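Just start.cif here, mmCIF, C-alpha atoms:
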```cif
data_protein
loop_
_atom_site.label_atom_id
_atom_site.label_comp_id
_atom_site.auth_asym_id
_atom_site.auth_seq_id
_atom_site.Cartn_x
_atom_site.Cartn_y
_atom_site.Cartn_z
CA MET A 1 0.00 0.00 0.00
CA ARG A 2 2.97 2.31 0.45
CA GLN A 3 3.59 1.84 -3.26
CA ILE A 4 0.23 3.32 -4.25
CA TYR A 5 0.91 6.28 -1.95
CA LYS A 6 4.26 6.79 -3.65
CA ILE A 7 2.60 6.64 -7.06
CA THR A 8 0.01 9.16 -5.91
CA THR A 9 2.41 11.78 -4.63
CA THR A 10 4.88 11.35 -7.46
CA VAL A 11 2.40 11.57 -10.31
CA LEU A 12 0.24 14.27 -8.81
CA LEU A 13 3.04 16.59 -7.72
CA SER A 14 5.48 16.16 -10.58
CA GLY A 15 5.40 18.95 -13.10
CA LEU A 16 2.80 21.00 -11.22
CA CYS A 17 3.69 24.65 -10.89
CA TYR A 18 2.11 27.71 -9.37
CA LEU A 19 0.17 29.48 -12.08
CA THR A 20 0.14 33.23 -12.52
CA GLY A 21 -2.56 35.58 -13.67
CA TYR A 22 -5.24 35.74 -10.94
CA GLY A 23 -8.64 35.77 -12.63
CA GLN A 24 -7.32 34.39 -15.89
CA PHE A 25 -8.23 30.81 -16.65
CA ASN A 26 -5.66 28.69 -18.40
CA LYS A 27 -6.94 25.41 -19.75
CA GLY A 28 -5.90 22.59 -17.47
CA GLN A 29 -5.13 24.65 -14.40
CA SER A 30 -8.11 23.40 -12.41
CA ALA A 31 -7.10 19.77 -12.96
CA GLU A 32 -3.57 20.55 -11.80
CA ARG A 33 -4.90 22.28 -8.69
CA ALA A 34 -7.19 19.38 -7.83
CA GLN A 35 -4.39 16.86 -8.29
CA ARG A 36 -2.00 18.90 -6.20
CA MET A 37 -4.51 19.25 -3.38
CA LEU A 38 -5.26 15.53 -3.31
CA ALA A 39 -1.57 14.78 -2.95
CA ILE A 40 -1.29 17.28 -0.09
CA ILE A 41 -4.29 15.73 1.67
CA TYR A 42 -2.75 12.26 1.62
CA ALA A 43 0.61 13.66 2.72
CA LYS A 44 -0.84 15.62 5.66
CA TYR A 45 -3.87 13.57 6.78
CA GLY A 46 -2.75 10.06 5.82
CA ASN A 47 -0.50 7.53 7.51
CA THR A 48 1.51 4.40 6.65
CA LYS A 49 -0.42 2.03 8.95
CA ASN A 50 -3.83 1.98 7.25
CA GLN A 51 -5.97 3.78 4.69
CA LEU A 52 -7.77 6.01 7.19
CA LEU A 53 -7.32 9.76 7.46
CA THR A 54 -7.16 12.14 10.38
CA GLU A 55 -9.88 14.75 10.82
CA LYS A 56 -7.64 17.77 11.44
CA TYR A 57 -4.16 18.86 10.45
CA PRO A 58 -2.33 19.58 12.65
CA PHE A 59 -4.12 17.27 15.07
CA ASP A 60 -6.42 19.28 17.36
CA GLU A 61 -6.74 17.95 20.91
CA THR A 62 -9.72 20.24 21.58
CA PHE A 63 -11.75 19.27 18.53
CA LYS A 64 -15.39 18.31 19.17
CA ALA A 65 -17.50 16.85 16.37
CA ASP A 66 -20.57 18.97 17.01
CA TYR A 67 -22.17 17.84 13.76
CA LEU A 68 -22.98 14.46 15.36
CA ASP A 69 -25.68 15.89 17.66
CA ASN A 70 -24.35 13.45 20.26
CA SER A 71 -22.35 15.07 23.05
CA GLU A 72 -21.04 11.75 24.35
CA GLN A 73 -19.61 10.69 21.00
CA ALA A 74 -18.47 14.20 20.06
CA THR A 75 -16.39 14.74 23.20
CA VAL A 76 -14.38 11.54 22.89
CA GLN A 77 -11.17 12.41 21.08
CA LYS A 78 -10.84 10.36 17.91
CA LYS A 79 -7.60 9.32 16.27
CA TYR A 80 -9.20 9.12 12.84
CA ALA A 81 -11.82 11.11 10.94
CA TYR A 82 -15.51 10.43 11.29
CA LEU A 83 -17.32 9.01 8.28
CA TRP A 84 -18.64 12.31 6.93
CA PRO A 85 -15.25 14.03 6.46
CA PHE A 86 -13.67 10.78 5.27
CA SER A 87 -16.38 10.47 2.63
CA GLY A 88 -15.13 13.73 1.14
CA SER A 89 -12.06 11.87 -0.07
CA PHE A 90 -14.36 9.48 -1.98
CA SER A 91 -16.06 12.39 -3.75
CA ALA A 92 -12.70 14.01 -4.45
CA VAL A 93 -11.14 10.93 -6.03
CA ASN A 94 -14.36 10.17 -7.91
CA THR A 95 -14.30 13.64 -9.44
CA LEU A 96 -10.70 13.25 -10.58
CA MET A 97 -11.56 9.84 -11.99
CA GLU A 98 -13.91 11.60 -14.39
CA LEU A 99 -10.97 13.35 -16.05
CA PRO A 100 -9.41 11.43 -18.95
CA LYS A 101 -5.82 12.03 -17.85
CA ASN A 102 -4.66 9.51 -15.23
CA LYS A 103 -8.16 7.99 -15.02
CA ALA A 104 -6.66 4.56 -14.35
CA LEU A 105 -4.53 5.99 -11.54
CA TYR A 106 -7.50 7.47 -9.74
CA GLN A 107 -9.50 4.27 -10.00
CA LYS A 108 -6.51 2.49 -8.50
CA ILE A 109 -6.47 5.02 -5.65
CA LEU A 110 -10.21 4.52 -5.22
CA ASP A 111 -9.91 0.73 -5.06
CA GLN A 112 -6.71 0.49 -3.03
CA ARG A 113 -6.94 3.49 -0.76
CA VAL A 114 -10.39 5.06 -0.46
CA LEU A 115 -12.58 1.95 -0.38
CA PRO A 116 -10.42 -0.09 2.05
CA GLY A 117 -10.57 2.89 4.39
CA LEU A 118 -14.30 3.24 3.89
CA MET A 119 -14.90 -0.41 4.75
CA GLU A 120 -13.65 0.37 8.27
CA TYR A 121 -16.95 2.23 8.76
CA ARG A 122 -19.21 -0.41 7.18
CA ASP A 123 -21.37 -1.78 9.99
CA HIS A 124 -22.86 -5.23 9.39
CA SER A 125 -23.60 -5.84 13.08
CA ARG A 126 -26.94 -4.03 12.70
CA GLU A 127 -29.58 -4.64 10.07
CA PRO A 128 -29.83 -3.43 7.42
CA VAL A 129 -26.14 -3.00 6.71
CA GLY A 130 -25.06 0.63 6.69
CA TYR A 131 -22.10 2.84 7.41
CA ALA A 132 -21.59 4.08 10.98
CA SER A 133 -20.30 7.50 11.88
CA TYR A 134 -17.08 6.03 13.27
CA ILE A 135 -14.91 2.99 12.60
CA ASN A 136 -15.92 -0.51 13.65
CA SER A 137 -12.99 -1.07 16.00
CA ALA A 138 -14.43 1.62 18.30
CA PRO A 139 -17.64 1.30 20.35
CA PRO A 140 -20.83 1.41 18.23
CA SER A 141 -21.66 4.85 16.87
CA ASP A 142 -24.78 6.44 15.42
CA ARG A 143 -25.67 5.84 11.79
CA PHE A 144 -26.87 8.79 9.73
CA TYR A 145 -29.01 8.40 6.66
CA ASP A 146 -27.52 11.46 5.00
CA ASP A 147 -23.95 10.19 5.51
CA ASN A 148 -24.96 7.00 3.76
CA VAL A 149 -26.70 8.84 0.94
CA TRP A 150 -23.51 10.74 0.08
CA LEU A 151 -21.68 7.42 -0.14
CA GLY A 152 -24.44 5.95 -2.28
CA ILE A 153 -24.19 8.84 -4.72
CA ASP A 154 -20.44 8.31 -4.96
CA PHE A 155 -20.79 4.56 -5.54
CA ALA A 156 -23.41 5.22 -8.23
CA ASP A 157 -21.13 7.76 -9.88
CA SER A 158 -18.24 5.28 -9.75
CA TYR A 159 -20.39 2.69 -11.46
CA LEU A 160 -21.63 5.10 -14.12
CA GLN A 161 -18.01 5.91 -14.96
CA THR A 162 -16.57 2.41 -14.95
CA LYS A 163 -19.47 -0.09 -15.15
CA LYS A 164 -17.73 -2.04 -12.38
CA VAL A 165 -20.53 -4.15 -10.90
CA ASP A 166 -19.13 -4.11 -7.38
CA TYR A 167 -19.70 -0.35 -7.14
CA LEU A 168 -23.36 -0.78 -8.08
CA LYS A 169 -23.70 -3.59 -5.54
CA HIS A 170 -22.52 -1.26 -2.77
CA ALA A 171 -24.83 1.50 -4.00
CA LYS A 172 -27.85 -0.80 -3.86
CA GLU A 173 -26.89 -1.99 -0.37
CA ILE A 174 -26.81 1.63 0.79
CA TRP A 175 -30.14 2.33 -0.88
CA ALA A 176 -31.71 -0.44 1.20
CA PHE A 177 -30.37 1.19 4.36
CA VAL A 178 -31.59 4.64 3.32
CA LYS A 179 -35.05 3.28 2.53
CA SER A 180 -35.22 1.78 6.00
CA GLY A 181 -35.18 5.34 7.32
CA ALA A 182 -38.51 6.23 5.71
CA ASP A 183 -42.02 5.89 7.11
CA ASP A 184 -45.45 7.47 6.74
CA LYS A 185 -45.11 10.00 9.55
CA LEU A 186 -45.37 13.56 8.20
CA GLY A 187 -46.63 12.02 4.99
CA GLY A 188 -43.35 10.36 4.08
CA GLY A 189 -39.72 11.34 3.97
CA ILE A 190 -36.49 9.96 5.41
CA TYR A 191 -35.18 10.60 8.91
CA TRP A 192 -31.78 12.13 9.61
CA CYS A 193 -30.39 9.65 12.14
CA GLU A 194 -31.25 6.00 12.70
CA GLN A 195 -30.84 6.32 16.48
CA LYS A 196 -32.73 9.63 16.77
CA LYS A 197 -35.85 9.49 14.67
CA GLU A 198 -36.95 12.95 15.68
CA SER A 199 -36.78 14.90 12.43
CA LYS A 200 -36.80 14.47 8.68
CA ASN A 201 -34.21 16.67 7.06
CA THR A 202 -33.65 18.16 3.65
CA CYS A 203 -30.09 16.79 3.78
CA SER A 204 -31.38 13.21 3.86
CA ASN A 205 -34.26 13.62 1.39
CA ALA A 206 -32.95 15.92 -1.35
CA PRO A 207 -29.74 13.92 -1.93
CA ALA A 208 -31.76 10.70 -1.65
CA ALA A 209 -33.72 11.94 -4.68
CA VAL A 210 -30.41 12.56 -6.48
CA PHE A 211 -29.19 9.11 -5.42
CA ALA A 212 -32.35 7.45 -6.74
CA LEU A 213 -31.99 9.26 -10.06
CA LYS A 214 -28.42 8.06 -10.42
CA LEU A 215 -29.53 4.52 -9.65
CA PHE A 216 -32.17 4.90 -12.33
CA GLU A 217 -29.50 6.03 -14.79
CA ALA A 218 -27.40 3.03 -13.81
CA THR A 219 -30.14 0.37 -13.93
CA LYS A 220 -33.04 1.83 -15.97
CA GLU A 221 -35.35 0.41 -13.28
CA GLY A 222 -38.44 2.61 -13.10
CA ASP A 223 -38.93 2.21 -9.35
CA TYR A 224 -35.91 4.42 -8.72
CA LEU A 225 -37.35 7.20 -10.87
CA ASN A 226 -40.67 6.94 -9.03
CA GLU A 227 -38.90 7.10 -5.67
CA ALA A 228 -37.00 10.18 -6.80
CA ARG A 229 -40.19 11.93 -7.89
CA GLN A 230 -41.82 11.18 -4.54
CA LEU A 231 -38.84 12.34 -2.48
CA TYR A 232 -38.54 15.51 -4.52
CA ALA A 233 -42.26 16.28 -4.20
CA TRP A 234 -42.30 15.57 -0.46
CA THR A 235 -39.31 17.84 0.21
CA LYS A 236 -40.65 20.62 -1.99
CA ALA A 237 -44.08 20.51 -0.36
CA GLY A 238 -42.88 20.51 3.23
CA LEU A 239 -39.49 22.21 3.35
CA GLN A 240 -39.40 24.90 0.66
CA ASP A 241 -39.72 28.50 1.82
CA PRO A 242 -42.40 29.95 -0.50
CA THR A 243 -41.04 33.47 -0.10
CA ASP A 244 -37.61 32.89 -1.65
CA LYS A 245 -37.77 29.30 -3.03
CA LEU A 246 -34.87 28.14 -0.84
CA TYR A 247 -35.07 25.12 1.44
CA TRP A 248 -35.29 24.94 5.21
CA ASP A 249 -33.22 22.42 7.12
CA ASN A 250 -35.72 20.02 8.69
CA ILE A 251 -39.18 19.29 9.96
CA GLN A 252 -39.62 17.68 13.37
CA LEU A 253 -42.22 15.04 14.10
CA ASN A 254 -44.30 17.63 15.98
CA GLY A 255 -44.47 19.70 12.81
CA ASN A 256 -42.02 22.40 13.87
CA ILE A 257 -39.70 23.48 11.08
CA GLY A 258 -36.00 24.18 11.55
CA LYS A 259 -35.67 27.20 9.30
CA ALA A 260 -31.91 27.41 8.90
CA LYS A 261 -30.87 27.56 5.25
CA TYR A 262 -27.74 25.83 4.03
CA SER A 263 -26.31 25.83 0.54
CA TYR A 264 -26.13 22.07 0.22
CA ASN A 265 -29.82 21.59 0.94
CA SER A 266 -30.98 23.96 -1.77
CA GLY A 267 -28.13 22.76 -3.96
CA GLN A 268 -29.31 19.17 -3.82
CA MET A 269 -32.86 20.15 -4.68
CA LEU A 270 -31.38 22.12 -7.56
CA GLN A 271 -29.51 19.04 -8.75
CA ALA A 272 -32.54 16.80 -8.27
CA ALA A 273 -34.68 19.17 -10.35
CA ALA A 274 -32.06 19.35 -13.12
CA LEU A 275 -31.70 15.56 -13.21
CA LEU A 276 -35.45 15.06 -13.19
CA TYR A 277 -35.68 17.35 -16.20
CA LYS A 278 -32.85 15.47 -17.90
CA LEU A 279 -34.55 12.11 -17.40
CA THR A 280 -38.20 13.07 -17.92
CA LYS A 281 -38.05 16.23 -20.08
CA GLU A 282 -40.87 17.65 -17.97
CA LYS A 283 -40.44 21.42 -18.18
CA LYS A 284 -41.66 22.03 -14.63
CA TYR A 285 -38.44 20.58 -13.26
CA LEU A 286 -36.26 22.84 -15.40
CA ILE A 287 -38.26 25.86 -14.23
CA ASP A 288 -37.80 24.76 -10.61
CA ALA A 289 -34.06 24.39 -11.13
CA GLN A 290 -33.63 27.76 -12.81
CA GLU A 291 -35.65 29.55 -10.14
CA LEU A 292 -33.69 27.87 -7.38
CA ALA A 293 -30.36 28.69 -9.06
CA LYS A 294 -31.24 32.39 -8.96
CA ALA A 295 -32.36 32.13 -5.34
CA CYS A 296 -29.12 30.45 -4.28
CA LEU A 297 -27.06 33.14 -5.99
CA ALA A 298 -28.99 35.85 -4.17
CA TYR A 299 -28.69 34.19 -0.75
CA PHE A 300 -25.37 32.32 -0.60
CA PHE A 301 -23.22 34.86 -2.46
CA GLN A 302 -22.46 38.51 -1.85
CA THR A 303 -20.85 41.31 -3.82
CA THR A 304 -18.30 43.47 -2.03
CA ASP A 305 -16.49 46.65 -3.00
CA GLN A 306 -13.29 44.67 -3.45
CA ASP A 307 -14.68 42.10 -5.91
CA THR A 308 -16.22 42.44 -9.33
CA PHE A 309 -18.10 39.15 -9.03
CA PRO A 310 -20.41 37.61 -6.40
CA MET A 311 -18.29 36.01 -3.69
CA LEU A 312 -19.34 32.97 -1.70
CA LYS A 313 -20.46 33.77 1.82
CA ASN A 314 -18.75 32.07 4.72
CA SER A 315 -20.40 28.75 5.50
CA ASN A 316 -19.47 25.09 5.58
CA LEU A 317 -17.17 24.85 2.57
CA TRP A 318 -18.33 21.36 1.62
CA PHE A 319 -21.92 22.62 1.58
CA HIS A 320 -20.87 25.01 -1.17
CA ALA A 321 -19.18 22.17 -3.08
CA VAL A 322 -22.44 20.23 -3.00
CA MET A 323 -24.35 23.30 -4.17
CA MET A 324 -21.91 23.51 -7.07
CA ARG A 325 -23.00 20.00 -8.13
CA GLY A 326 -26.49 21.38 -8.61
CA TYR A 327 -25.31 24.29 -10.71
CA ILE A 328 -23.31 21.96 -12.93
CA SER A 329 -26.28 19.65 -13.45
CA LEU A 330 -28.34 22.68 -14.46
CA PHE A 331 -25.62 23.91 -16.84
CA GLU A 332 -25.61 20.50 -18.49
CA GLN A 333 -29.30 21.01 -19.29
CA ASP A 334 -29.62 24.71 -20.19
CA GLY A 335 -26.07 25.60 -21.24
CA ASN A 336 -26.01 28.75 -19.08
CA ARG A 337 -22.42 29.11 -17.92
CA THR A 338 -22.99 32.23 -15.77
CA TYR A 339 -23.10 30.43 -12.44
CA ILE A 340 -20.14 28.19 -13.27
CA ASP A 341 -18.06 31.25 -14.19
CA ILE A 342 -18.86 32.73 -10.78
CA PHE A 343 -17.67 29.57 -9.04
CA ALA A 344 -14.54 29.57 -11.19
CA LYS A 345 -13.70 33.15 -10.17
CA ASN A 346 -14.25 32.34 -6.49
CA LEU A 347 -12.01 29.28 -6.72
CA ASP A 348 -9.32 31.15 -8.62
CA ARG A 349 -9.31 33.78 -5.87
CA ALA A 350 -9.15 31.06 -3.22
CA TRP A 351 -6.11 29.47 -4.87
CA TYR A 352 -4.10 32.67 -4.68
CA LYS A 353 -5.42 34.15 -1.46
CA MET A 354 -6.63 31.42 0.92
CA ARG A 355 -3.84 28.83 1.16
CA ASP A 356 -1.29 28.53 3.94
CA GLN A 357 2.37 27.52 3.90
CA ASP A 358 1.41 23.83 3.73
CA GLY A 359 -0.83 24.42 0.71
CA LEU A 360 -4.00 23.89 2.77
CA PHE A 361 -6.98 26.19 2.50
CA ASP A 362 -8.52 28.51 5.04
CA VAL A 363 -12.28 28.80 4.66
CA ASP A 364 -12.88 32.49 5.34
CA TRP A 365 -13.72 34.11 2.01
CA THR A 366 -13.22 37.56 3.58
CA LEU A 367 -9.57 36.62 4.31
CA GLU A 368 -9.90 37.99 7.84
CA LYS A 369 -9.62 34.81 9.93
CA LYS A 370 -6.92 32.16 9.76
CA GLN A 371 -7.25 28.65 11.14
CA LYS A 372 -4.51 26.91 13.07
CA SER A 373 -5.93 23.48 12.28
CA LYS A 374 -7.55 22.62 8.94
CA TRP A 375 -10.54 20.28 8.58
CA LEU A 376 -10.20 17.33 6.21
CA LEU A 377 -13.62 17.84 4.63
CA ASP A 378 -12.84 21.44 3.67
CA GLN A 379 -9.72 20.35 1.81
CA CYS A 380 -11.56 17.52 0.05
CA ALA A 381 -14.25 20.00 -1.01
CA PHE A 382 -11.65 22.10 -2.80
CA VAL A 383 -10.36 19.04 -4.66
CA GLU A 384 -13.90 18.25 -5.75
CA MET A 385 -14.65 21.78 -6.91
CA TYR A 386 -11.43 22.17 -8.88
CA GLY A 387 -11.98 18.73 -10.37
CA ARG A 388 -15.48 19.62 -11.48
CA LEU A 389 -14.23 22.85 -13.05
CA ALA A 390 -11.59 20.86 -14.89
CA LYS A 391 -14.22 18.62 -16.43
CA LEU A 392 -15.91 21.75 -17.79
CA GLY A 393 -12.69 22.97 -19.37
CA TYR A 394 -11.43 25.48 -16.79
#
```

Translate this structure into structure tokens?
Amino acid sequence: MRQIYKITTTVLLSGLCYLTGYGQFNKGQSAERAQRMLAIIYAKYGNTKNQLLTEKYPFDETFKADYLDNSEQATVQKKYAYLWPFSGSFSAVNTLMELPKNKALYQKILDQRVLPGLMEYRDHSREPVGYASYINSAPPSDRFYDDNVWLGIDFADSYLQTKKVDYLKHAKEIWAFVKSGADDKLGGGIYWCEQKKESKNTCSNAPAAVFALKLFEATKEGDYLNEARQLYAWTKAGLQDPTDKLYWDNIQLNGNIGKAKYSYNSGQMLQAAALLYKLTKEKKYLIDAQELAKACLAYFFQTTDQDTFPMLKNSNLWFHAVMMRGYISLFEQDGNRTYIDIFAKNLDRAWYKMRDQDGLFDVDWTLEKKQKSKWLLDQCAFVEMYGRLAKLGY
């Protein structure tokens, strides 16, 4: 396994140079940036003992995983990353695998590095089989439906790229777990956490619609398309803010709505709408996607005196990467490059202005706050975004 690490760092770092001309896009630069970042991630967050990654670099003794909504699990210091940040490496490598150059290398990294690490989280002690929030060698941890959906999307994407049956097998296994999180309360929908069935969240339902659509693309089985329609309709009916078309975070079983708005939630409904239009050609979905794209631009970006383009607002960086997926899916249907150009300008600015001496990114788009310790998922999100730009020719 040390050999594959050596191949990774050698191929990805060799010949890569710092590019000049902030704001000017040279063909191929986004691919080089994504490759460089992936090599840095494995150099800083990886180890020679196994294929797992650390959550923070440098290691942060005070780190608490508040995203678990479980104070007991969050306060126990973990040697390795939780599933959610680790899954970012899957998305990152998957994105690079879509690029023609070194495609075989990235599939080798996926098979020999990412997936062996991921299997450390696969929990077959509980039925149905799913992926737990922490590795199996530790005490049992909560299982989140949204964490599993992100993995399912990645496995489906891997299959669509390679037609390797094993990837589809894993995707279907995850779909069975995700489906187990649905019931008729609140008229349908999927819960957020298997151990805390207290709310049904946009982050488990919108990407589940995307996941189902990708499974439909992979299998042509109509049940997946029907499931996607139902999940999309349920989320739109119960969690869309009618005033601005954006999506709230969750609805609790008592009917109370958590009205926080995050870019990945609206971004996944944007992607679901674009994919539904792609697969059905029903114009209503394209209209939904285009309306939501405008709403996201108005809410999750801002224009300052210093910039001539809308700049991303500070938020979870990976959320923005997931929103970008939606914009790309829309571009693939309507050919409007405006939103992609805005992302490209933001990411070009980030490359020159937001990296530290180790090549890792800060996440403050205003450039005012620096972080001592960098989160794995943030770095993976940058790999994904540069990789997606590269596929579009940036």

For Tyr145 (chain A), the nearest of the candidates A:Arg113, A:Gly181, A:Tyr167, A:Leu160, counting only C-alpha atoms:
A:Gly181

Here is a test: counting only C-alpha atoms, which residue of A:Asp154, A:Asp142, A:Asp334, A:Asp307 is nearest to Gln290 (chain A)?
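Of all the options, A:Asp334 lies closest to Gln290 (chain A).
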
Extract, using all atoms listed in the file, all DNA, RNA and protein residues at most 8 Å from region 172-179 of chain A, discarding same-chain residues fewer than 6 positions from it, and format them as a CSV table (one decimal) with C-alpha atoms, keeping the file's coordinate frame.
```csv
chain,number,residue,atom,x,y,z
A,128,PRO,CA,-29.8,-3.4,7.4
A,129,VAL,CA,-26.1,-3.0,6.7
A,130,GLY,CA,-25.1,0.6,6.7
A,145,TYR,CA,-29.0,8.4,6.7
A,148,ASN,CA,-25.0,7.0,3.8
A,149,VAL,CA,-26.7,8.8,0.9
A,151,LEU,CA,-21.7,7.4,-0.1
A,152,GLY,CA,-24.4,6.0,-2.3
A,190,ILE,CA,-36.5,10.0,5.4
A,208,ALA,CA,-31.8,10.7,-1.6
```

Long-range neighbours of Tyr339 (chain A) as an MDAnalysis selection string, 9 Å cut-off, only C-alpha atoms, 3 positions minimum in chain
chainID A and resid 293 297 324 327:328 331 336 342:344

Distance in Å - CA of Ala295 (chain A) versus CA of Lys259 (chain A):
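So the answer is 15.8 Å.
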
Expand the PyMOL selection byres ((chain A and resi 215) around 12) into the explicit residue set it covers here, and present it as an mmCIF file with C-alpha atoms, in the frame of the given file.
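See expr36.cif below for the written result:
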```
data_model
loop_
_atom_site.group_PDB
_atom_site.id
_atom_site.type_symbol
_atom_site.label_atom_id
_atom_site.label_comp_id
_atom_site.auth_asym_id
_atom_site.auth_seq_id
_atom_site.Cartn_x
_atom_site.Cartn_y
_atom_site.Cartn_z
ATOM 1 C CA VAL A 149 -26.700 8.840 0.940
ATOM 2 C CA GLY A 152 -24.440 5.950 -2.280
ATOM 3 C CA ILE A 153 -24.190 8.840 -4.720
ATOM 4 C CA ASP A 154 -20.440 8.310 -4.960
ATOM 5 C CA PHE A 155 -20.790 4.560 -5.540
ATOM 6 C CA ALA A 156 -23.410 5.220 -8.230
ATOM 7 C CA ASP A 157 -21.130 7.760 -9.880
ATOM 8 C CA SER A 158 -18.240 5.280 -9.750
ATOM 9 C CA TYR A 159 -20.390 2.690 -11.460
ATOM 10 C CA LEU A 160 -21.630 5.100 -14.120
ATOM 11 C CA TYR A 167 -19.700 -0.350 -7.140
ATOM 12 C CA LEU A 168 -23.360 -0.780 -8.080
ATOM 13 C CA LYS A 169 -23.700 -3.590 -5.540
ATOM 14 C CA HIS A 170 -22.520 -1.260 -2.770
ATOM 15 C CA ALA A 171 -24.830 1.500 -4.000
ATOM 16 C CA LYS A 172 -27.850 -0.800 -3.860
ATOM 17 C CA GLU A 173 -26.890 -1.990 -0.370
ATOM 18 C CA ILE A 174 -26.810 1.630 0.790
ATOM 19 C CA TRP A 175 -30.140 2.330 -0.880
ATOM 20 C CA ALA A 208 -31.760 10.700 -1.650
ATOM 21 C CA ALA A 209 -33.720 11.940 -4.680
ATOM 22 C CA VAL A 210 -30.410 12.560 -6.480
ATOM 23 C CA PHE A 211 -29.190 9.110 -5.420
ATOM 24 C CA ALA A 212 -32.350 7.450 -6.740
ATOM 25 C CA LEU A 213 -31.990 9.260 -10.060
ATOM 26 C CA LYS A 214 -28.420 8.060 -10.420
ATOM 27 C CA PHE A 216 -32.170 4.900 -12.330
ATOM 28 C CA GLU A 217 -29.500 6.030 -14.790
ATOM 29 C CA ALA A 218 -27.400 3.030 -13.810
ATOM 30 C CA THR A 219 -30.140 0.370 -13.930
ATOM 31 C CA LYS A 220 -33.040 1.830 -15.970
ATOM 32 C CA GLU A 221 -35.350 0.410 -13.280
ATOM 33 C CA GLY A 222 -38.440 2.610 -13.100
ATOM 34 C CA ASP A 223 -38.930 2.210 -9.350
ATOM 35 C CA TYR A 224 -35.910 4.420 -8.720
ATOM 36 C CA LEU A 225 -37.350 7.200 -10.870
ATOM 37 C CA ASN A 226 -40.670 6.940 -9.030
ATOM 38 C CA GLU A 227 -38.900 7.100 -5.670
ATOM 39 C CA ALA A 228 -37.000 10.180 -6.800
ATOM 40 C CA LEU A 275 -31.700 15.560 -13.210
ATOM 41 C CA LEU A 279 -34.550 12.110 -17.400
#
```

Exercise: Leu367 (chain A) partners within 12 Å, all atoms listed in the file, chain neighbours under 3 positions left out, as JSON, numbers by chain
{"A": [306, 311, 313, 314, 349, 350, 352, 353, 354, 355, 356, 361, 362, 363, 364, 370, 371]}

Could you state the separation of CA of Tyr42 (chain A) and CA of Thr54 (chain A) in Å, given to one decimal place?
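These atoms are spaced 9.8 Å apart.
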
Given the file above and the PyMOL selection byres ((chain A and resi 248) around 7), which residues are selected, and can you give them as a count of residues only?
11

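Across the model, the gap from CA of Ala92 (chain A) to CA of Gln333 (chain A) is 23.3 Å.
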
Run the PyMOL selection byres ((chain A and resi 347) around 12) mentally over the shown coordinates, then write out the matched residues as a PyMOL selection string, using the chain letters and numbers from the document.
chain A and resi 22-25+29-30+33-34+309-312+317+320-321+324+340-346+348-355+361+363+365+381-390+394

Would you write out those residues with C-alpha atoms, as a tab-separated table (two decimals), in the coordinates of the input?
```tsv
chain	number	residue	atom	x	y	z
A	22	TYR	CA	-5.24	35.74	-10.94
A	23	GLY	CA	-8.64	35.77	-12.63
A	24	GLN	CA	-7.32	34.39	-15.89
A	25	PHE	CA	-8.23	30.81	-16.65
A	29	GLN	CA	-5.13	24.65	-14.40
A	30	SER	CA	-8.11	23.40	-12.41
A	33	ARG	CA	-4.90	22.28	-8.69
A	34	ALA	CA	-7.19	19.38	-7.83
A	309	PHE	CA	-18.10	39.15	-9.03
A	310	PRO	CA	-20.41	37.61	-6.40
A	311	MET	CA	-18.29	36.01	-3.69
A	312	LEU	CA	-19.34	32.97	-1.70
A	317	LEU	CA	-17.17	24.85	2.57
A	320	HIS	CA	-20.87	25.01	-1.17
A	321	ALA	CA	-19.18	22.17	-3.08
A	324	MET	CA	-21.91	23.51	-7.07
A	340	ILE	CA	-20.14	28.19	-13.27
A	341	ASP	CA	-18.06	31.25	-14.19
A	342	ILE	CA	-18.86	32.73	-10.78
A	343	PHE	CA	-17.67	29.57	-9.04
A	344	ALA	CA	-14.54	29.57	-11.19
A	345	LYS	CA	-13.70	33.15	-10.17
A	346	ASN	CA	-14.25	32.34	-6.49
A	348	ASP	CA	-9.32	31.15	-8.62
A	349	ARG	CA	-9.31	33.78	-5.87
A	350	ALA	CA	-9.15	31.06	-3.22
A	351	TRP	CA	-6.11	29.47	-4.87
A	352	TYR	CA	-4.10	32.67	-4.68
A	353	LYS	CA	-5.42	34.15	-1.46
A	354	MET	CA	-6.63	31.42	0.92
A	355	ARG	CA	-3.84	28.83	1.16
A	361	PHE	CA	-6.98	26.19	2.50
A	363	VAL	CA	-12.28	28.80	4.66
A	365	TRP	CA	-13.72	34.11	2.01
A	381	ALA	CA	-14.25	20.00	-1.01
A	382	PHE	CA	-11.65	22.10	-2.80
A	383	VAL	CA	-10.36	19.04	-4.66
A	384	GLU	CA	-13.90	18.25	-5.75
A	385	MET	CA	-14.65	21.78	-6.91
A	386	TYR	CA	-11.43	22.17	-8.88
A	387	GLY	CA	-11.98	18.73	-10.37
A	388	ARG	CA	-15.48	19.62	-11.48
A	389	LEU	CA	-14.23	22.85	-13.05
A	390	ALA	CA	-11.59	20.86	-14.89
A	394	TYR	CA	-11.43	25.48	-16.79
```

Report as a list in words all protein, DNA and RNA residues lying within 7 Å of region 71-83 of chain A, evaluated on only C-alpha atoms, omitting residues in the same chain fewer than 4 positions from it.
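Listing them by chain and then by number gives Leu52, Leu53, Thr54, Glu55, Lys64, Ala65, Asp66, Ser87, Tyr121, Ser133 and Tyr134 of chain A.
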
Which of these, A:Arg229, A:Lys44, A:Arg143, A:Lys103, has the shortest distance to Gln195 (chain A) once you count all atoms listed in the file?
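Checking each candidate against Gln195 (chain A), we get A:Arg143 as the closest.
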